[in-house]
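Q: I have a structure here, written as structure tokens, and I will follow up with some questions on it.
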Amino acid sequence: MTARIPGNDHRVLTPPELGAWTPSLRVSVVVPAYGGQDKLDLVLAGLAGQSYPTELTEVIVVDNGSDPPLRLPALRPPGTRLITCPVPGRAHARNAGLAAATGDVIHWLDSDVVLDRRSIEAHMRWHHAAPYLVVTGYLRFTPAEPPTPEAVAAAGDLAELFEPAEPHAWLVDLIERTGGLTDNPHRAFSLHVGGATSVGAALLTAAGPMDTDLILGQDTEMGYRLAQAGAVFVPEPLSRAFHLGPTMRMRGKAPIDRVSHAFVADRIPSYRWLRSHPARQWKVPYLEVVVEAGGRAGYDEVRATVDAVLAGTLPDVAVTVVGPWDRVTAEGRAPLRNPDLETMLVRGHYAHEGRVRFALAAPEAARVTVPYREEAVPYPGETAGERRPEGERGSVTAAPYRLRLPAGWTPGEDTLARLLDLAVEGEYGLVSVLLAEEAGNAGTPGNAEDAEDPGNADGAEGAEKAGDTGDAGGAASEGDAGDAGLVTARLERTAAFARAAIVAGEGEDLDDAVDDVFGVLWVDGETHGFTAGPRQITGRRSAYRARIEARAEADRLAKEAERLRGEVARWKEESGRWRRNAVELRREVGGLRKELAAARKELAAARKVMQLGLLSSVRRAITRRR
């Protein structure tokens, strides 16, 4: 049983100890070279002393047009061959070596990198543990004076000859920041560096050869495609190698990145920071949406779905419309009676839309296509051998995500972007979206009645088509085989399904294997903005006007807020004045209260005096009368 590695957590594997195991896989070491015979002699001397069995090792040196031509020195591994590749460029040379290789594992090696004695063995023990690994050793850059080939072959530890040396700082930092590439599996492919990396030959067959259109960044771009093919990336500290002198990148990182980024932005969707433009289209889209036409899905349903996808906030998207395009013919005399009218309308409507391509069958759940474009289905009226301009044909690419969406169901403006955020943040291999649970609904909104009518031949045919998944593992956009009546959309991560296809047992449902290696999540379609039927599309001009109006309204509200802040300040000042007046009034009231109290005392005293005087007068009057 093939080992199942979740995400990029290679720690679940336990490779054998060095020197304590019996290998069986053959390795082909591919060394592209242009000049530098003296360095090549040291590289081959290092390979001659490897601990991995020589009978399981072949070395292929590719002379990429050196003048004078390269030669094989006497000190070299027994299974060493020299071939030539006159087309200039390291990618061409590597592809030539790859084509000549016969090993189970391909070990890339630059012609100025000398391997430590146990380096290849350290790589190969991992490849015996799982067939879908990419293993990279630790490079150190040495300024030391080159020794003789004999000294390299005899050295028990190359550090004696090449230290002190500088580590590959960027690579070490990446490994340390990601817990050995286990914490951020979306960026693990960056580990694929051509100086000293080994890859399973079957994995390379799935991903394809190096991209010869690239000037720089070929290693990273191939790493991306290997990831889409299901690879797990392993840093191996026991595999040490010494680079003779600094690399071109160490001599000038900024200009190297400038050139590299100009090309890899088109090919590596995972580098989101290189795709900040709000409307650009790229060679490899971030998301491929698959929509099926024909059968029950007519022109109106397909158009509603495709238009909604293209009008969303995610511009980095391509659409594959699946239908019987090879049998669609134009009817010049009675077009309305054409039995292929619906599919012909779909084809005509999107024939010149660069983000839409046409396919005869839905793509399989696990697929990496190299080169990036395949032979498109001929358009009506094309003759044998006739080709339309490249821009008018769709492209099949290794997009990291694929959404299978039933025709007639439309995502909201931000639905696809939100769904992708959910998948990326949760690192899920599959996000299934429940769209409807109506019995008899074959996936096209509004057609449940036809599907339930046994006397309706078209409805029966449509229901039959809806039940045919066409994908390994039952990956159907209209609902899985075990979920009768469910209408679903499926967001599939390409790398997860490629990995699942490698590890799945005979007869095992592919979704179950995806759940093991990456995880599966179910979400509600309505909650995430999916609706049945067409929706109002907001054009760019309307969106622009809405932004202008929103900015004007924001400016008005800002001014109103400023005015209100002024009013608040004025009222605060007024309330302060009122508080001061209140204090003064309280003081005056207090004074008046004191004066009133004093007056009351004086009045009481006066009353007492008056009472005493009156009493004395009465007494005197009484006395006189007597």
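Each chain of the structure tokens is named A, B, ... in the order shown, its residues numbered from 1; ligands are numbered from 1 in display order.
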Within 7 Å of Gly533 (chain A), counting only C-alpha atoms, which residues qualify if same-chain residues fewer than 2 places away don't, as a list in words?
A: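 My reading of the contact set: Ala304, Gly408, Trp409, Thr410, Pro445, Thr531 and Arg535 of chain A.
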Q: Report as number ranges by chain all protein, DNA and RNA residues lying within 8 Å of region 51-66 of chain A, evaluated on only C-alpha atoms, omitting residues in the same chain fewer than 5 positions from it.
A: A: 24-35, 77-90, 93-94, 96-97, 100-101, 103, 117-118, 120-121
Q: Between CA of Ser432 (chain A) and CA of Val306 (chain A), what is the distance, to one decimal in Å?
A: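 CA of Val306 (chain A) lies at a distance of 19.3 Å from CA of Ser432 (chain A).
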Q: Which parts of region 2-209 of chain A does DSSP call strand (DSSP E or B) when run on the backbone here, written out as JSON, numbers by chain?
A: {"A": [27, 28, 29, 30, 31, 32, 33, 57, 58, 59, 60, 61, 62, 63, 80, 81, 82, 83, 84, 105, 106, 107, 108, 109, 113, 114, 115, 133, 134, 135, 136, 137, 138, 139, 140, 141, 142, 166, 167, 196, 197, 198, 199, 200]}
Q: Give me the residues near Ala48 (chain A) as a short mmCIF file (atom, residue, chain, number, x, y, z; two decimals) with N, CA, C and O atoms, in the first residue's frame, where near means some atom within 6 Å (using only C-alpha atoms) and where sequence neighbours in that chain fewer than 2 positions away do not count.
A:
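The resulting out05.cif:
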data_model
loop_
_atom_site.label_atom_id
_atom_site.label_comp_id
_atom_site.auth_asym_id
_atom_site.auth_seq_id
_atom_site.Cartn_x
_atom_site.Cartn_y
_atom_site.Cartn_z
N ALA A 45 34.14 13.40 -9.86
CA ALA A 45 34.96 12.74 -8.82
C ALA A 45 34.13 12.54 -7.56
O ALA A 45 34.23 11.50 -6.88
N GLY A 46 33.30 13.54 -7.21
CA GLY A 46 32.42 13.39 -6.05
C GLY A 46 31.39 12.30 -6.26
O GLY A 46 31.06 11.54 -5.33
N GLN A 50 30.38 7.96 -4.21
CA GLN A 50 29.10 7.88 -3.49
C GLN A 50 28.89 6.50 -2.84
O GLN A 50 29.32 5.46 -3.35
N ARG A 76 35.56 8.91 -12.75
CA ARG A 76 34.11 9.12 -12.88
C ARG A 76 33.40 7.82 -12.52
O ARG A 76 34.02 6.75 -12.49
N PRO A 77 32.10 7.89 -12.26
CA PRO A 77 31.34 6.66 -11.96
C PRO A 77 31.31 5.75 -13.18
O PRO A 77 31.34 6.22 -14.33
#
Q: State, in Å with one decimal place, the distance from CA of Val346 (chain A) to CA of Val302 (chain A).
A: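 Between CA of Val346 (chain A) and CA of Val302 (chain A) the gap is 7.3 Å.
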Q: Find the spatial neighbours of region 276-287 of chain A, counting only C-alpha atoms, within a cut-off of 6 Å - ignore same-chain residues fewer than 2 positions away - and output them as a ChimeraX atom specification.
A: /A:266-267,269,273-274,315-317,397,399-402
Q: Convert the current residue selection to file output with N, CA, C and O atoms, as a CSV table (one decimal), in the first residue's frame.
A:
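Dumped everything to result33.csv:
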chain,number,residue,atom,x,y,z
A,266,ASP,N,3.1,34.5,-14.9
A,266,ASP,CA,2.2,33.9,-15.8
A,266,ASP,C,1.9,32.4,-15.6
A,266,ASP,O,0.9,31.9,-16.0
A,267,ARG,N,2.9,31.8,-14.9
A,267,ARG,CA,2.8,30.3,-14.8
A,267,ARG,C,2.6,29.8,-13.4
A,267,ARG,O,2.3,28.6,-13.3
A,269,PRO,N,0.3,30.4,-10.3
A,269,PRO,CA,-0.8,31.2,-9.7
A,269,PRO,C,-0.6,31.3,-8.2
A,269,PRO,O,-1.2,32.2,-7.6
A,273,TRP,N,1.1,37.6,-5.0
A,273,TRP,CA,1.6,39.0,-4.9
A,273,TRP,C,2.1,39.4,-6.3
A,273,TRP,O,2.2,40.6,-6.5
A,274,LEU,N,2.4,38.5,-7.2
A,274,LEU,CA,2.8,38.9,-8.5
A,274,LEU,C,1.6,39.1,-9.5
A,274,LEU,O,1.7,39.6,-10.6
A,315,PRO,N,-10.7,37.8,-11.1
A,315,PRO,CA,-10.4,37.9,-12.6
A,315,PRO,C,-9.6,36.7,-13.0
A,315,PRO,O,-9.5,36.4,-14.2
A,316,ASP,N,-8.8,36.1,-12.1
A,316,ASP,CA,-7.9,35.1,-12.4
A,316,ASP,C,-8.6,33.7,-12.6
A,316,ASP,O,-8.4,32.8,-11.8
A,317,VAL,N,-9.4,33.6,-13.6
A,317,VAL,CA,-10.3,32.5,-13.8
A,317,VAL,C,-10.4,32.2,-15.3
A,317,VAL,O,-10.3,33.0,-16.1
A,397,THR,N,-4.5,24.0,-18.5
A,397,THR,CA,-3.4,24.4,-17.7
A,397,THR,C,-3.5,23.7,-16.3
A,397,THR,O,-4.5,23.2,-15.9
A,399,ALA,N,-4.1,24.6,-13.4
A,399,ALA,CA,-4.6,25.5,-12.4
A,399,ALA,C,-4.7,24.8,-11.0
A,399,ALA,O,-5.0,23.6,-11.0
A,400,PRO,N,-4.3,25.5,-10.0
A,400,PRO,CA,-4.3,24.9,-8.7
A,400,PRO,C,-5.7,24.5,-8.2
A,400,PRO,O,-5.8,23.6,-7.3
A,401,TYR,N,-6.7,25.1,-8.7
A,401,TYR,CA,-8.1,24.8,-8.2
A,401,TYR,C,-9.0,24.6,-9.4
A,401,TYR,O,-8.9,25.4,-10.4
A,402,ARG,N,-10.0,23.7,-9.3
A,402,ARG,CA,-11.0,23.5,-10.3
A,402,ARG,C,-12.4,23.4,-9.7
A,402,ARG,O,-12.6,22.7,-8.7
Q: Name the closest residue to Val289 (chain A) among the candidates A:Ile175, A:Leu491, A:Glu150, A:Ala359; distances are taken between atoms, counting only C-alpha atoms.
A: A:Leu491
Q: Could you pull the residues within 8 Å of region 213-226 of chain A, counting only C-alpha atoms, minus those fewer than 5 positions along the same chain, as a list in words?
A: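 So, after excluding close chain neighbours, the residues are Ala91, Phe189, Ser190, Leu191, His192, Val193, Gly194, Leu203, Leu204, Ala206, Ala207, Gly208, Ala231, Ile256, Val259, Ser260, His261, Phe263, Val264, Arg267, Ile268, Val368 and Ala398 of chain A.
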Q: Would you mind listing what lies within 10 Å of Pro147 (chain A) as a list in words, with only C-alpha atoms counted and same-chain residues fewer than 5 positions away left out?
A: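 So the residues in contact are Lys39, Leu42, Val152, Leu161 and Phe162 of chain A.
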Q: Find the distance between CA of Tyr544 (chain A) and CA of Tyr271 (chain A) and write it in Å to one decimal.
A: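 Value for the CA of Tyr544 (chain A)-CA of Tyr271 (chain A) distance: 27.6 Å.
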